[in-house]
Each structure stands twice: as structure tokens, then as C-alpha cells.
file upload.txt (compact mmCIF, C-alpha atoms)
# COMPACT_ATOMS: atom_id res chain seq x y z
CA MET A 2 132.07 123.27 98.74
CA ARG A 3 130.06 125.76 100.77
CA PRO A 4 126.45 126.26 99.66
CA PRO A 5 125.40 129.66 98.23
CA ARG A 6 124.35 132.05 100.97
CA THR A 7 121.70 134.16 99.27
CA ARG A 8 118.35 133.10 97.87
CA ARG A 9 119.20 134.40 94.40
CA ALA A 10 122.48 132.50 94.43
CA ARG A 11 120.67 129.31 95.42
CA LEU A 12 118.20 129.78 92.57
CA ARG A 13 121.02 130.22 90.06
CA ALA A 14 122.67 127.08 91.35
CA ILE A 15 119.44 125.09 90.99
CA LEU A 16 118.88 126.36 87.45
CA LEU A 17 122.45 125.55 86.45
CA TRP A 18 122.04 122.05 87.83
CA LEU A 19 118.82 121.58 85.89
CA ALA A 20 120.46 122.77 82.69
CA ALA A 21 123.40 120.45 83.21
CA SER A 22 121.11 117.51 83.85
CA GLY A 23 119.24 118.14 80.62
CA VAL A 24 115.93 119.03 82.24
CA ALA A 25 116.01 122.77 81.51
CA GLY A 26 117.19 122.10 77.99
CA ALA A 27 114.22 119.94 77.11
CA GLY A 28 111.48 121.58 75.13
CA PRO A 29 108.68 121.11 72.64
CA GLN A 30 109.22 120.16 69.02
CA PRO A 31 110.22 123.03 66.70
CA GLU A 32 107.32 124.94 65.20
CA THR A 33 106.63 125.13 61.49
CA VAL A 34 108.04 128.39 60.15
CA GLY A 35 107.04 130.52 57.18
CA LYS A 36 103.36 130.99 58.06
CA VAL A 37 102.21 134.64 58.09
CA VAL A 38 98.88 135.62 59.69
CA ALA A 39 97.14 138.86 60.62
CA LEU A 40 95.77 139.62 64.07
CA PRO A 41 92.04 140.26 64.52
CA ALA A 42 90.81 143.84 64.10
CA ARG A 43 90.16 144.17 67.83
CA PRO A 44 92.31 142.76 70.62
CA GLY A 45 90.97 139.93 72.72
CA PRO A 46 89.86 140.91 76.24
CA HIS A 47 92.72 138.92 77.75
CA TRP A 48 95.54 139.91 75.43
CA PHE A 49 98.58 141.43 77.07
CA TRP A 50 102.11 142.47 76.15
CA LEU A 51 105.37 141.61 77.91
CA SER A 52 108.64 143.36 77.09
CA ASP A 53 111.97 141.51 77.26
CA ILE A 54 115.30 143.32 77.62
CA LEU A 55 117.46 140.36 76.50
CA LEU A 56 115.38 139.32 73.51
CA HIS A 57 114.95 143.03 72.72
CA ARG A 58 111.28 142.68 71.97
CA THR A 59 107.80 143.24 73.27
CA ALA A 60 105.61 140.15 72.84
CA LEU A 61 101.83 139.78 72.59
CA PHE A 62 100.23 136.91 74.51
CA ASP A 63 96.70 135.53 74.72
CA ALA A 64 95.94 134.61 78.32
CA ASP A 65 92.96 132.46 77.29
CA ALA A 66 94.96 130.25 74.94
CA GLY A 67 98.22 130.59 76.87
CA GLU A 68 100.01 131.32 73.61
CA LEU A 69 102.42 133.83 72.12
CA LEU A 70 100.63 135.65 69.28
CA ALA A 71 103.22 138.07 67.92
CA THR A 72 106.33 140.11 68.71
CA LEU A 73 107.63 143.59 68.02
CA SER A 74 111.40 144.01 67.91
CA SER A 75 112.87 147.49 67.78
CA GLY A 76 115.99 149.57 68.11
CA SER A 77 119.63 148.57 67.81
CA GLY A 78 120.09 145.11 69.31
CA GLY A 79 121.99 145.09 72.61
CA VAL A 80 121.38 148.80 73.27
CA GLY A 81 118.65 150.19 75.45
CA PHE A 82 115.25 148.84 76.37
CA VAL A 83 112.14 148.13 74.38
CA ILE A 84 109.60 150.14 76.33
CA ALA A 85 105.82 149.89 76.50
CA PRO A 86 104.07 150.46 73.17
CA LEU A 87 101.15 152.88 72.97
CA PHE A 88 97.83 151.81 71.46
CA ALA A 89 95.49 153.92 69.34
CA PRO A 90 91.96 154.12 70.82
CA ASP A 91 90.55 152.43 67.70
CA HIS A 92 93.15 149.63 68.04
CA ARG A 93 94.33 150.07 64.46
CA GLU A 94 97.83 151.31 65.23
CA VAL A 95 100.62 150.75 67.74
CA TYR A 96 103.24 153.41 68.55
CA LEU A 97 106.69 152.53 69.84
CA ALA A 98 109.58 154.86 70.74
CA GLU A 99 112.85 153.38 69.45
CA THR A 100 116.58 154.14 69.37
CA TYR A 101 119.02 153.11 66.64
CA TYR A 102 122.80 153.48 66.29
CA SER A 103 124.59 153.57 62.94
CA ARG A 104 127.20 151.04 64.13
CA GLY A 105 124.89 148.76 66.06
CA VAL A 106 125.94 149.63 69.60
CA ARG A 107 127.70 152.92 68.81
CA GLY A 108 127.86 155.65 66.19
CA GLU A 109 125.25 158.21 65.22
CA ARG A 110 122.08 157.92 67.24
CA THR A 111 118.58 158.17 65.77
CA ASP A 112 115.42 158.26 67.90
CA VAL A 113 112.02 157.71 66.32
CA VAL A 114 108.42 156.94 67.16
CA THR A 115 107.48 154.12 64.80
CA VAL A 116 103.86 153.60 63.77
CA TYR A 117 102.92 149.93 63.35
CA ASP A 118 99.83 148.37 61.83
CA ALA A 119 98.09 146.65 64.73
CA ALA A 120 96.94 143.71 62.61
CA THR A 121 100.19 142.86 60.81
CA LEU A 122 102.66 144.57 63.20
CA GLN A 123 104.43 145.88 60.11
CA PRO A 124 105.92 149.39 60.35
CA LEU A 125 103.89 152.07 58.58
CA GLU A 126 105.99 155.14 59.26
CA GLU A 127 108.86 156.51 61.36
CA ILE A 128 108.59 159.92 63.01
CA GLY A 129 111.94 161.41 63.99
CA ILE A 130 112.33 162.87 67.49
CA PRO A 131 115.32 164.43 69.30
CA PRO A 132 117.88 161.71 70.17
CA ARG A 133 117.37 162.12 73.87
CA ARG A 134 114.71 159.65 74.99
CA ALA A 135 115.28 158.17 78.43
CA GLU A 136 116.14 154.49 78.73
CA TYR A 137 115.96 152.86 82.14
CA PHE A 138 114.79 149.66 83.79
CA PRO A 139 112.04 148.63 84.00
CA GLY A 140 110.75 151.59 81.98
CA ASN A 141 107.58 152.59 83.84
CA ALA A 142 106.06 155.86 82.59
CA ALA A 143 108.63 156.30 79.81
CA ASN A 144 105.98 157.53 77.36
CA ALA A 145 102.25 158.22 77.21
CA LEU A 146 99.44 158.77 74.70
CA SER A 147 96.88 161.52 75.19
CA ASP A 148 93.39 160.25 75.96
CA ASP A 149 92.09 161.18 72.51
CA GLY A 150 94.89 159.19 70.84
CA ARG A 151 96.31 162.26 69.07
CA PHE A 152 99.61 163.08 70.79
CA ALA A 153 102.39 160.87 72.12
CA ALA A 154 104.77 162.23 74.77
CA VAL A 155 108.24 160.65 75.12
CA PHE A 156 110.25 161.36 78.27
CA ASN A 157 113.82 162.61 77.69
CA LEU A 158 116.75 162.54 80.11
CA THR A 159 120.19 163.86 79.11
CA PRO A 160 120.36 164.57 82.25
CA VAL A 161 118.17 167.60 81.41
CA THR A 162 114.53 166.50 81.45
CA SER A 163 111.98 167.27 78.74
CA LEU A 164 109.14 165.79 76.70
CA SER A 165 109.16 165.15 72.96
CA ILE A 166 105.64 165.62 71.60
CA VAL A 167 104.55 163.72 68.48
CA ASP A 168 101.31 164.13 66.55
CA VAL A 169 100.71 160.49 65.62
CA LYS A 170 97.78 161.34 63.36
CA SER A 171 99.64 163.82 61.14
CA ARG A 172 102.87 161.81 61.60
CA ARG A 173 105.09 164.67 62.75
CA PHE A 174 107.21 165.80 65.68
CA THR A 175 105.70 169.02 67.02
CA THR A 176 107.84 170.32 69.87
CA GLU A 177 110.12 169.57 72.80
CA VAL A 178 108.80 170.82 76.15
CA SER A 179 111.39 171.69 78.79
CA THR A 180 110.45 170.23 82.20
CA PRO A 181 113.32 171.08 84.60
CA GLY A 182 113.26 169.00 87.77
CA CYS A 183 110.30 166.86 86.63
CA SER A 184 110.44 163.37 85.16
CA LEU A 185 108.40 160.50 83.69
CA VAL A 186 105.08 161.05 81.94
CA TYR A 187 101.48 159.96 82.52
CA ALA A 188 98.38 160.61 80.38
CA ALA A 189 96.00 163.06 82.04
CA GLY A 190 93.33 163.99 79.49
CA PRO A 191 92.84 164.61 75.77
CA ARG A 192 95.51 167.34 75.70
CA ARG A 193 97.31 166.91 79.04
CA PHE A 194 100.21 164.99 80.52
CA LEU A 195 101.37 164.66 84.12
CA MET A 196 104.95 164.44 85.44
CA LEU A 197 106.50 163.93 88.90
CA CYS A 198 108.89 166.58 90.23
CA ALA A 199 111.88 166.26 92.53
CA ASN A 200 110.30 168.45 95.22
CA GLY A 201 107.16 166.29 95.44
CA ALA A 202 105.03 168.41 93.13
CA ALA A 203 103.26 167.40 89.92
CA LEU A 204 103.85 169.14 86.61
CA THR A 205 100.95 169.45 84.16
CA VAL A 206 101.75 169.95 80.47
CA ALA A 207 98.75 171.10 78.41
CA LEU A 208 98.82 171.17 74.59
CA ASP A 209 96.90 173.01 71.91
CA ASP A 210 95.52 171.47 68.72
CA THR A 211 98.88 171.85 66.97
CA GLY A 212 100.75 169.91 69.67
CA HIS A 213 102.51 172.88 71.26
CA GLU A 214 102.36 173.65 74.95
CA THR A 215 99.74 176.12 76.10
CA ARG A 216 100.41 175.74 79.80
CA VAL A 217 103.18 174.15 81.88
CA GLU A 218 102.05 174.36 85.48
CA ARG A 219 103.59 173.04 88.68
CA SER A 220 101.34 172.07 91.59
CA GLU A 221 102.04 172.39 95.28
CA PRO A 222 103.99 169.37 96.59
CA PHE A 223 101.67 166.45 97.33
CA PHE A 224 104.35 164.18 98.85
CA ASP A 225 107.63 164.64 100.73
CA PRO A 226 110.42 163.11 98.60
CA GLN A 227 112.71 162.81 101.63
CA LYS A 228 110.34 161.52 104.29
CA ASP A 229 107.61 159.87 102.23
CA PRO A 230 108.58 159.29 98.56
CA VAL A 231 106.15 157.71 96.11
CA THR A 232 107.04 155.02 93.60
CA GLU A 233 106.70 155.77 89.90
CA LYS A 234 104.86 152.46 89.35
CA ALA A 235 101.38 153.97 89.39
CA VAL A 236 98.13 152.62 87.95
CA ARG A 237 95.24 154.62 86.52
CA ARG A 238 91.53 154.39 87.25
CA GLY A 239 89.48 156.95 85.35
CA SER A 240 90.69 160.43 86.33
CA GLU A 241 92.87 159.14 89.18
CA TRP A 242 96.45 157.90 89.32
CA LEU A 243 97.23 155.68 92.31
CA PHE A 244 100.76 155.81 93.75
CA VAL A 245 102.28 153.81 96.59
CA SER A 246 104.25 155.68 99.25
CA PHE A 247 105.47 154.83 102.74
CA GLY A 248 102.95 157.14 104.40
CA GLU A 249 99.51 156.93 105.88
CA THR A 250 97.19 158.50 103.29
CA TRP A 251 95.57 155.12 103.57
CA SER A 252 97.62 152.12 104.47
CA LEU A 253 97.89 148.80 102.67
CA VAL A 254 99.20 147.16 105.85
CA GLY A 255 97.80 146.94 109.36
CA ASP A 256 99.66 146.68 112.66
CA ALA A 257 99.88 142.88 112.48
CA ASP A 258 101.14 143.08 108.88
CA ARG A 259 103.86 145.56 109.93
CA ARG A 260 105.00 143.27 112.73
CA ALA A 261 105.25 140.46 110.17
CA ALA A 262 107.34 142.78 107.92
CA TRP A 263 104.94 142.77 104.95
CA ARG A 264 105.83 145.38 102.31
CA VAL A 265 104.99 146.34 98.74
CA GLY A 266 107.69 145.33 96.26
CA GLY A 267 108.60 144.39 92.73
CA GLY A 268 109.19 146.15 89.43
CA GLN A 269 105.47 146.52 88.67
CA HIS A 270 103.69 146.12 91.97
CA LEU A 271 100.25 147.63 91.37
CA ALA A 272 97.27 146.76 89.19
CA VAL A 273 93.70 148.02 89.26
CA HIS A 274 90.40 146.78 87.85
CA ALA A 275 88.55 150.01 87.15
CA ALA A 276 84.97 148.70 86.97
CA SER A 277 85.05 146.78 90.25
CA GLY A 278 87.29 149.22 92.10
CA ARG A 279 89.68 146.47 93.14
CA LEU A 280 93.33 147.40 93.70
CA TYR A 281 95.95 144.64 93.49
CA ALA A 282 99.29 145.02 95.32
CA LEU A 283 102.29 142.71 95.12
CA MET A 284 103.57 142.01 98.64
CA HIS A 285 106.58 140.36 100.27
CA GLN A 286 108.10 140.04 103.72
CA GLY A 287 111.34 141.97 104.09
CA GLY A 288 113.22 144.74 105.83
CA PRO A 289 113.78 148.39 104.90
CA ASP A 290 114.87 149.13 101.34
CA THR A 291 113.46 145.87 99.96
CA HIS A 292 110.86 147.65 97.81
CA LYS A 293 112.24 146.07 94.63
CA GLU A 294 112.12 142.49 95.91
CA ALA A 295 109.73 140.03 94.28
CA GLY A 296 106.37 139.37 95.91
CA THR A 297 105.01 136.12 97.28
CA GLU A 298 101.39 137.26 97.70
CA VAL A 299 98.99 139.60 95.92
CA TRP A 300 96.72 141.55 98.27
CA VAL A 301 93.42 142.87 96.92
CA TYR A 302 91.71 146.01 98.23
CA ASP A 303 88.32 147.63 97.77
CA LEU A 304 89.08 151.24 96.76
CA THR A 305 85.75 152.44 98.16
CA THR A 306 86.15 151.02 101.65
CA ARG A 307 89.97 151.00 101.51
CA ARG A 308 89.98 147.57 103.08
CA ARG A 309 91.74 144.38 102.07
CA VAL A 310 89.28 141.85 100.73
CA GLN A 311 91.52 139.02 99.50
CA ARG A 312 95.03 137.52 99.67
CA ILE A 313 96.24 135.55 96.64
CA PRO A 314 99.33 133.37 97.12
CA VAL A 315 101.92 133.52 94.33
CA PRO A 316 102.57 130.05 92.87
CA ASN A 317 106.22 129.02 93.08
CA PRO A 318 107.72 130.12 89.71
CA LEU A 319 110.72 127.84 90.12
CA ALA A 320 108.55 124.79 90.73
CA GLY A 321 106.35 125.73 87.80
CA PHE A 322 109.34 126.20 85.51
CA VAL A 323 110.85 122.83 86.37
CA GLY A 324 107.45 121.12 86.07
CA GLN A 325 106.97 122.59 82.59
CA GLN A 326 110.38 121.38 81.45
CA LEU A 327 109.70 117.89 82.76
CA ALA A 328 106.33 117.80 81.00
CA ALA A 329 107.89 119.04 77.75
CA SER A 330 110.55 116.36 77.93
CA GLY A 331 107.88 113.66 78.02
CA ARG A 332 108.53 112.60 81.59
CA GLY A 333 104.84 112.50 82.35
CA ARG A 334 104.98 110.43 85.55
CA MET A 335 107.62 112.74 87.02
CA ALA A 336 105.73 115.81 85.84
CA ARG A 337 102.62 114.74 87.74
CA PHE A 338 104.76 114.26 90.84
CA THR A 339 106.19 117.78 90.60
CA GLY A 340 102.82 119.43 91.23
CA TRP A 341 102.99 118.27 94.83
CA PHE A 342 106.69 117.77 95.55
CA LEU A 343 108.56 120.66 93.94
CA PRO A 344 106.69 123.52 95.66
CA LYS A 345 107.59 121.95 99.01
CA VAL A 346 111.32 121.59 98.40
CA LEU A 347 112.21 124.52 96.12
CA PRO A 348 112.40 128.11 97.41
CA ASN A 349 109.73 130.45 96.11
CA PRO A 350 111.50 133.38 94.38
CA GLY A 351 108.22 135.26 93.90
CA VAL A 352 107.13 137.41 90.96
CA GLU A 353 108.19 140.94 89.99
CA ARG A 354 105.16 142.24 88.09
CA ILE A 355 101.38 141.93 87.88
CA LEU A 356 98.64 143.05 85.48
CA VAL A 357 94.83 142.89 85.52
CA THR A 358 92.73 143.05 82.34
CA GLN A 359 89.77 145.45 82.23
CA ASP A 360 86.91 143.24 80.97
CA ASP A 361 83.92 141.91 82.95
CA HIS A 362 85.74 138.64 83.68
CA PRO A 363 89.31 139.87 84.25
CA VAL A 364 92.42 137.80 84.56
CA LEU A 365 95.39 138.52 86.80
CA VAL A 366 98.76 137.99 85.13
CA MET A 367 101.85 137.28 87.25
CA SER A 368 105.34 137.45 85.72
CA ALA A 369 108.65 136.28 87.21
CA SER A 370 112.16 136.85 85.88
CA LEU A 371 114.18 134.13 87.62
CA PRO A 372 113.16 131.75 86.24
CA PRO A 373 111.10 133.35 83.45
CA THR A 374 107.46 132.34 84.01
CA LEU A 375 103.95 133.66 83.32
CA THR A 376 100.94 132.52 85.33
CA ILE A 377 97.31 133.40 84.56
CA HIS A 378 94.78 133.68 87.41
CA ASP A 379 91.09 134.43 87.69
CA ALA A 380 91.32 138.01 89.00
CA MET A 381 88.19 137.67 91.14
CA THR A 382 88.86 134.32 92.80
CA GLY A 383 92.65 134.19 92.53
CA ALA A 384 92.53 130.65 91.17
CA VAL A 385 95.30 129.60 88.79
CA VAL A 386 93.95 129.20 85.26
CA ARG A 387 97.10 128.24 83.36
CA GLN A 388 100.80 128.75 82.98
CA VAL A 389 102.16 130.21 79.75
CA SER A 390 105.13 128.32 78.33
CA GLU A 391 108.28 130.02 77.05
CA PRO A 392 107.47 133.63 78.02
CA GLY A 393 110.96 134.90 77.15
CA LEU A 394 114.24 135.42 79.00
CA ALA A 395 114.25 138.71 80.91
CA ALA A 396 110.85 140.35 81.31
CA SER A 397 110.60 144.02 82.26
CA LEU A 398 107.02 145.32 81.85
CA LEU A 399 103.48 143.98 81.49
CA PHE A 400 100.88 146.11 79.71
CA ALA A 401 97.57 145.77 77.89
CA PRO A 402 95.71 147.80 75.24
call {"tool": "encode", "arguments": {"input": "upload.txt", "output": "C-alpha cells"}}
result
Amino acid sequence: MRPPRTRRARLRAILLWLAASGVAGAGPQPETVGKVVALPARPGPHWFWLSDILLHRTALFDADAGELLATLSSGSGGVGFVIAPLFAPDHREVYLAETYYSRGVRGERTDVVTVYDAATLQPLEEIGIPPRRAEYFPGNAANALSDDGRFAAVFNLTPVTSLSIVDVKSRRFTTEVSTPGCSLVYAAGPRRFLMLCANGAALTVALDDTGHETRVERSEPFFDPQKDPVTEKAVRRGSEWLFVSFGETWSLVGDADRRAAWRVGGGQHLAVHAASGRLYALMHQGGPDTHKEAGTEVWVYDLTTRRRVQRIPVPNPLAGFVGQQLAASGRGRMARFTGWFLPKVLPNPGVERILVTQDDHPVLVMSASLPPTLTIHDAMTGAVVRQVSEPGLAASLLFAP
């Protein structure tokens, strides 16, 4: 039999072999069920959320303990994506845009923004919105919360584009703002949202105190969508949004890097630590049009000097996954051996998404989809702190309060 030709095919073959041999099927003892607890009033500095399109949930993890704390499941199972929740500034509530169908995967559609108690994750109220919210993978910039925590904006695509505005404090839908030719949504102040337009311009939507638009204004184009498009996977630092393009505003790669074919890639390829001014970029080596491929290194830049200050290698997710399964199965001697042997013999599939927490001692979270793994690093040194077990099946987005 001829061996698989592509890297992804080889990884699938390895995982299937592991499952058949009983390694991938091994796991820890079942947990005791029936215990109900409340989360602390304020999130831990290293808490983060990870959405999963197969489990149809968004899950809360503690990077310090390496544990799953809670999950939010929403919408009709098997339909659409669970997108990033929005967090009230006082951390008391969580807002999540959801879609339901009367017959599970078909029938009458209902879109809502559900308000959850942040401590119990129990729903408090549903706010109906037009059944037009956009669902796409991985779901970057699908919704946003104004900086004062008052208004949520949900991006619609039918294929006409618009924003549904919800007053989360008074628990009501206020208006739908037409935004022809402009998509996605980013927070841009206490009463403002930002969108990207097809001609390379930005659209600003300003609201009044009742949640209705007072100004919808299009800027001059700031990028060329044909010659130098930007990715939608931006990160925010204060009053700035940072986008990656192919151009030379300031380059993440030097001449030697270009010759070695280093490129930005992945489903969530940027992270920023606001206080230190460090920008993290997920990098891989590949040809043109490989901007969605997983990264094998994280490059760190000083935003003031615009220079690279660090390169962090991505641990082999496949080796880590197999090592975890061996450890869980009780094969301790073999598990110790895997730390040295497996990274040398198994291909490194890389990771698709990264996140950096915003505290004084931040952690860098790396997430892979095939196989599903989560690795926690010291964001300043790059050192591996721990690997989180059982992160899910098909991750799509990382986000933090």
C-alpha cells in the first residue's frame, strides 16, 4: 500500500493507528458527576475560553491549573458555530449570540443574544434579534461589545450585510444598521464600532444613548484589497487595531526570512500584550496562499521599535497528544520515553491559534486542531509551563475576558 502523500493525510493515518492500537482510546478515570459549583466573582488572570465546533460549545479553562472550569453550549446542535462570547466590564454577565431551529437542523429560525450569569453560567434572559447573524469559520470579529459594556453589535450576512444592535443593559434589540459592502465588527469606543469594507475602507458606526445610529461614516481606503489585502484576524491594543497584510507598512519578515519562505498563518495568528507592547505572530514556512496553514514558531516583536525580539518554537502537538495518552493509560516508562523520542520521529503539524493574557505575568496559549491540544507557555520567556488535557475535538477560537 502506498503511503499517504500529504502531511495531513499522514497525521490522520498515525492517529487512526493509535486509536486502533488502544493508545488514543486510553484516558483518565471517569469524573464524579452531579456536583454543581459557582465560579469566582472575578475571572482568574489566566482564564481563557476555547470554542469547539464539533462539541458545539465554548469552554472555560484555567491555564494555571490546566483544568476545564465550565462550558457554555448554545444554539441548535449540528447547526452553525458557537462564536466568541462577550464579557461585561464588571465580569458579572456573559453575552452570546445564538441560533436555534424549530426542527433541530431545519424549520423556523430564531436568533437571540442570550445573557448568562458569569458565576453560574445559567441563562438570565434571551433578547431576540433578526434571524440573519453571520456564521462562518473560525468566527473572528462576528460580534463586539462597546467599550462601556452597554451595546452589543452582531454581524449579519444574508448576503446583505448589516449590524444588529442590542442594549444588553435594558435587555432589548434597538435597531439594525445597514452596512452595504462592509463586514465584520470591532469595538471602537463607548458608542462606536468599526467594520472592514470591500474597497479597503473602514466603516464607523456611531450610536446614541438609545442604541440607534447617529453616524455611519466610511473612511478613505487604507489598504488595497486586490494588491495588499489585510486579514480579519486583528488584535487590539488600546485605541489601535493591528492587522496583518502582505505589504510593507512595517514587515514581520526580513530578507533572510523571505528567502526561507517564512509567512504568517493560522486561524488566529496574532496576539498582543498591551502593557509590554509585545506582538506575537504565528509563523510557518510555506509558499503563496498558505496563510491558513498552522504555525511552527511564534515570533515576538516590540511594537515600539518594530523589531523581532524573540522566536518561540511550537512544541509538537502530535507528540504531546500521544505522550498524554500513554501517561493516562498508566504506561509510565513509555511516557517518559516519549518526551525525547516522539518529537524526533513524528511530524510537527503546528498550531492554528494563539492567545496572550493581559496580566503582569502573562501566559501564551497555543491551540492545535489535529490532534486537539492546548499548551501553556510563559509569554515572556516562551518556556512551556504545562499541557492541558482533553481540550475538546475541533477548536475554532481562543479568547479571554
call {"tool": "residues_near_point", "arguments": {"input": "upload.txt", "point": "(102.8, 157.5, 98.2)", "cutoff": "7 Å", "atoms": "only C-alpha atoms", "output": "ChimeraX atom specification"}}
result
/A:224,229-232,244-248
call {"tool": "residues_around", "arguments": {"input": "upload.txt", "residues": "Phe88 (chain A)", "least_positions_apart": "4", "cutoff": "9 Å", "atoms": "only C-alpha atoms", "output": "ChimeraX atom specification"}}
result
/A:92-96,119,146,150,401-402
call {"tool": "write_last_selection", "arguments": {"input": "upload.txt", "atoms": "C-alpha atoms", "output": "compact mmCIF listing (two decimals), in the coordinates of the input"}}
result
# COMPACT_ATOMS: atom_id res chain seq x y z
CA HIS A 92 93.15 149.63 68.04
CA ARG A 93 94.33 150.07 64.46
CA GLU A 94 97.83 151.31 65.23
CA VAL A 95 100.62 150.75 67.74
CA TYR A 96 103.24 153.41 68.55
CA ALA A 119 98.09 146.65 64.73
CA LEU A 146 99.44 158.77 74.70
CA GLY A 150 94.89 159.19 70.84
CA ALA A 401 97.57 145.77 77.89
CA PRO A 402 95.71 147.80 75.24
call {"tool": "residues_around", "arguments": {"input": "upload.txt", "residues": "Ser103 (chain A)", "least_positions_apart": "3", "cutoff": "12 Å", "atoms": "only C-alpha atoms", "output": "JSON, numbers by chain"}}
result
{"A": [76, 77, 78, 80, 100, 106, 107, 108, 109, 110, 111, 112]}
call {"tool": "atom_distance", "arguments": {"input": "upload.txt", "atom1": "CA of Gln269 (chain A)", "atom2": "CA of Val323 (chain A)"}}
result
24.4 Å
call {"tool": "residues_around", "arguments": {"input": "upload.txt", "residues": "region 124-128 of chain A", "least_positions_apart": "2", "cutoff": "6 Å", "atoms": "only C-alpha atoms", "output": "MDAnalysis selection string"}}
result
chainID A and resid 113:117 173
call {"tool": "closest_residue", "arguments": {"input": "upload.txt", "among": "A:Ala89, A:Cys183, A:Ala143, A:Ile130", "to": "Ser165 (chain A)", "atoms": "only C-alpha atoms"}}
result
A:Ile130
call {"tool": "atom_distance", "arguments": {"input": "upload.txt", "atom1": "CA of Phe322 (chain A)", "atom2": "CA of Thr376 (chain A)"}}
result
10.5 Å
call {"tool": "closest_residue", "arguments": {"input": "upload.txt", "among": "A:Pro318, A:Pro181, A:Gly383, A:Gly324", "to": "Trp300 (chain A)", "atoms": "all atoms listed in the file"}}
result
A:Gly383
call {"tool": "residues_around", "arguments": {"input": "upload.txt", "residues": "Arg259 (chain A)", "least_positions_apart": "5", "cutoff": "12 Å", "atoms": "only C-alpha atoms", "output": "PDB file with C-alpha atoms, in the frame of the given file"}}
result
ATOM      1  CA  PHE A 247     105.470 154.830 102.740  1.00  0.00           C
ATOM      2  CA  SER A 252      97.620 152.120 104.470  1.00  0.00           C
ATOM      3  CA  LEU A 253      97.890 148.800 102.670  1.00  0.00           C
ATOM      4  CA  VAL A 254      99.200 147.160 105.850  1.00  0.00           C
ATOM      5  CA  ARG A 264     105.830 145.380 102.310  1.00  0.00           C
ATOM      6  CA  VAL A 265     104.990 146.340  98.740  1.00  0.00           C
ATOM      7  CA  MET A 284     103.570 142.010  98.640  1.00  0.00           C
ATOM      8  CA  HIS A 285     106.580 140.360 100.270  1.00  0.00           C
ATOM      9  CA  GLN A 286     108.100 140.040 103.720  1.00  0.00           C
ATOM     10  CA  GLY A 287     111.340 141.970 104.090  1.00  0.00           C
ATOM     11  CA  GLY A 288     113.220 144.740 105.830  1.00  0.00           C
ATOM     12  CA  PRO A 289     113.780 148.390 104.900  1.00  0.00           C
TER      13      PRO A 289
END
call {"tool": "closest_atom_pairs", "arguments": {"input": "upload.txt", "of": "region 112-229 of chain A", "to": "region 48-67 of chain A", "cutoff": "10 Å", "atoms": "all atoms listed in the file", "output": "Markdown table"}}
result
| residue | atom | partner | partner_atom | distance |
| --- | --- | --- | --- | --- |
| A:Phe138 | CA | A:Ile54 | CA | 8.9 |
| A:Pro139 | CA | A:Ile54 | CA | 8.9 |
| A:Gly140 | CA | A:Ser52 | CA | 9.8 |
call {"tool": "write_last_selection", "arguments": {"input": "upload.txt", "atoms": "C-alpha atoms", "output": "CSV table (one decimal), in the frame of the given file"}}
result
chain,number,residue,atom,x,y,z
A,138,PHE,CA,114.8,149.7,83.8
A,139,PRO,CA,112.0,148.6,84.0
A,140,GLY,CA,110.8,151.6,82.0
call {"tool": "closest_residue", "arguments": {"input": "upload.txt", "among": "A:Cys198, A:Val310, A:Val206, A:Ala120", "to": "Ala154 (chain A)", "atoms": "all atoms listed in the file"}}
result
A:Val206
call {"tool": "atom_distance", "arguments": {"input": "upload.txt", "atom1": "CA of Gly351 (chain A)", "atom2": "CA of Gln325 (chain A)"}}
result
17.0 Å
call {"tool": "residues_around", "arguments": {"input": "upload.txt", "residues": "Leu271 (chain A)", "least_positions_apart": "5", "cutoff": "12 Å", "atoms": "only C-alpha atoms", "output": "VMD selection string"}}
result
chain A and resid 141 232 to 238 242 to 246 253 265 to 266 279 to 284 296 299 to 302 353 to 357 365 to 367 398 to 400
call {"tool": "residues_near_point", "arguments": {"input": "upload.txt", "point": "(103.1, 160.6, 67.8)", "cutoff": "6 Å", "atoms": "only C-alpha atoms", "output": "ChimeraX atom specification"}}
result
/A:152-153,167-169
call {"tool": "decode", "arguments": {"input": "upload.txt", "residues": "region 363-374 of chain A", "atoms": "N, CA, C and O atoms", "output": "mmCIF file, in the first residue's frame"}}
result
data_model
loop_
_atom_site.group_PDB
_atom_site.id
_atom_site.type_symbol
_atom_site.label_atom_id
_atom_site.label_comp_id
_atom_site.auth_asym_id
_atom_site.auth_seq_id
_atom_site.Cartn_x
_atom_site.Cartn_y
_atom_site.Cartn_z
ATOM 1 N N PRO A 363 2.007 37.362 32.010
ATOM 2 C CA PRO A 363 1.098 36.733 31.038
ATOM 3 C C PRO A 363 1.543 35.347 30.620
ATOM 4 O O PRO A 363 2.728 34.999 30.684
ATOM 5 N N VAL A 364 0.561 34.576 30.198
ATOM 6 C CA VAL A 364 0.833 33.284 29.591
ATOM 7 C C VAL A 364 0.446 33.342 28.126
ATOM 8 O O VAL A 364 -0.442 34.094 27.723
ATOM 9 N N LEU A 365 1.139 32.555 27.337
ATOM 10 C CA LEU A 365 0.875 32.384 25.913
ATOM 11 C C LEU A 365 0.215 31.030 25.731
ATOM 12 O O LEU A 365 0.767 30.008 26.137
ATOM 13 N N VAL A 366 -0.979 31.021 25.154
ATOM 14 C CA VAL A 366 -1.722 29.785 24.931
ATOM 15 C C VAL A 366 -1.617 29.410 23.455
ATOM 16 O O VAL A 366 -1.849 30.249 22.577
ATOM 17 N N MET A 367 -1.257 28.164 23.177
ATOM 18 C CA MET A 367 -1.201 27.648 21.810
ATOM 19 C C MET A 367 -2.204 26.518 21.672
ATOM 20 O O MET A 367 -2.259 25.623 22.523
ATOM 21 N N SER A 368 -2.992 26.548 20.591
ATOM 22 C CA SER A 368 -4.046 25.558 20.384
ATOM 23 C C SER A 368 -3.915 24.937 19.003
ATOM 24 O O SER A 368 -3.794 25.650 18.003
ATOM 25 N N ALA A 369 -3.944 23.601 18.960
ATOM 26 C CA ALA A 369 -3.907 22.854 17.706
ATOM 27 C C ALA A 369 -5.212 22.096 17.528
ATOM 28 O O ALA A 369 -5.886 21.748 18.502
ATOM 29 N N SER A 370 -5.562 21.822 16.273
ATOM 30 C CA SER A 370 -6.791 21.094 15.969
ATOM 31 C C SER A 370 -6.549 19.630 15.646
ATOM 32 O O SER A 370 -7.391 18.783 15.929
ATOM 33 N N LEU A 371 -5.438 19.309 15.022
ATOM 34 C CA LEU A 371 -5.177 17.930 14.612
ATOM 35 C C LEU A 371 -3.773 17.526 15.026
ATOM 36 O O LEU A 371 -2.810 17.841 14.334
ATOM 37 N N PRO A 372 -3.654 16.850 16.174
ATOM 38 C CA PRO A 372 -4.701 16.462 17.105
ATOM 39 C C PRO A 372 -5.064 17.625 18.034
ATOM 40 O O PRO A 372 -4.302 18.590 18.130
ATOM 41 N N PRO A 373 -6.208 17.533 18.734
ATOM 42 C CA PRO A 373 -6.611 18.633 19.608
ATOM 43 C C PRO A 373 -5.711 18.729 20.836
ATOM 44 O O PRO A 373 -5.674 17.828 21.670
ATOM 45 N N THR A 374 -4.968 19.828 20.951
ATOM 46 C CA THR A 374 -4.062 20.024 22.079
ATOM 47 C C THR A 374 -4.065 21.490 22.499
ATOM 48 O O THR A 374 -4.332 22.388 21.701
#
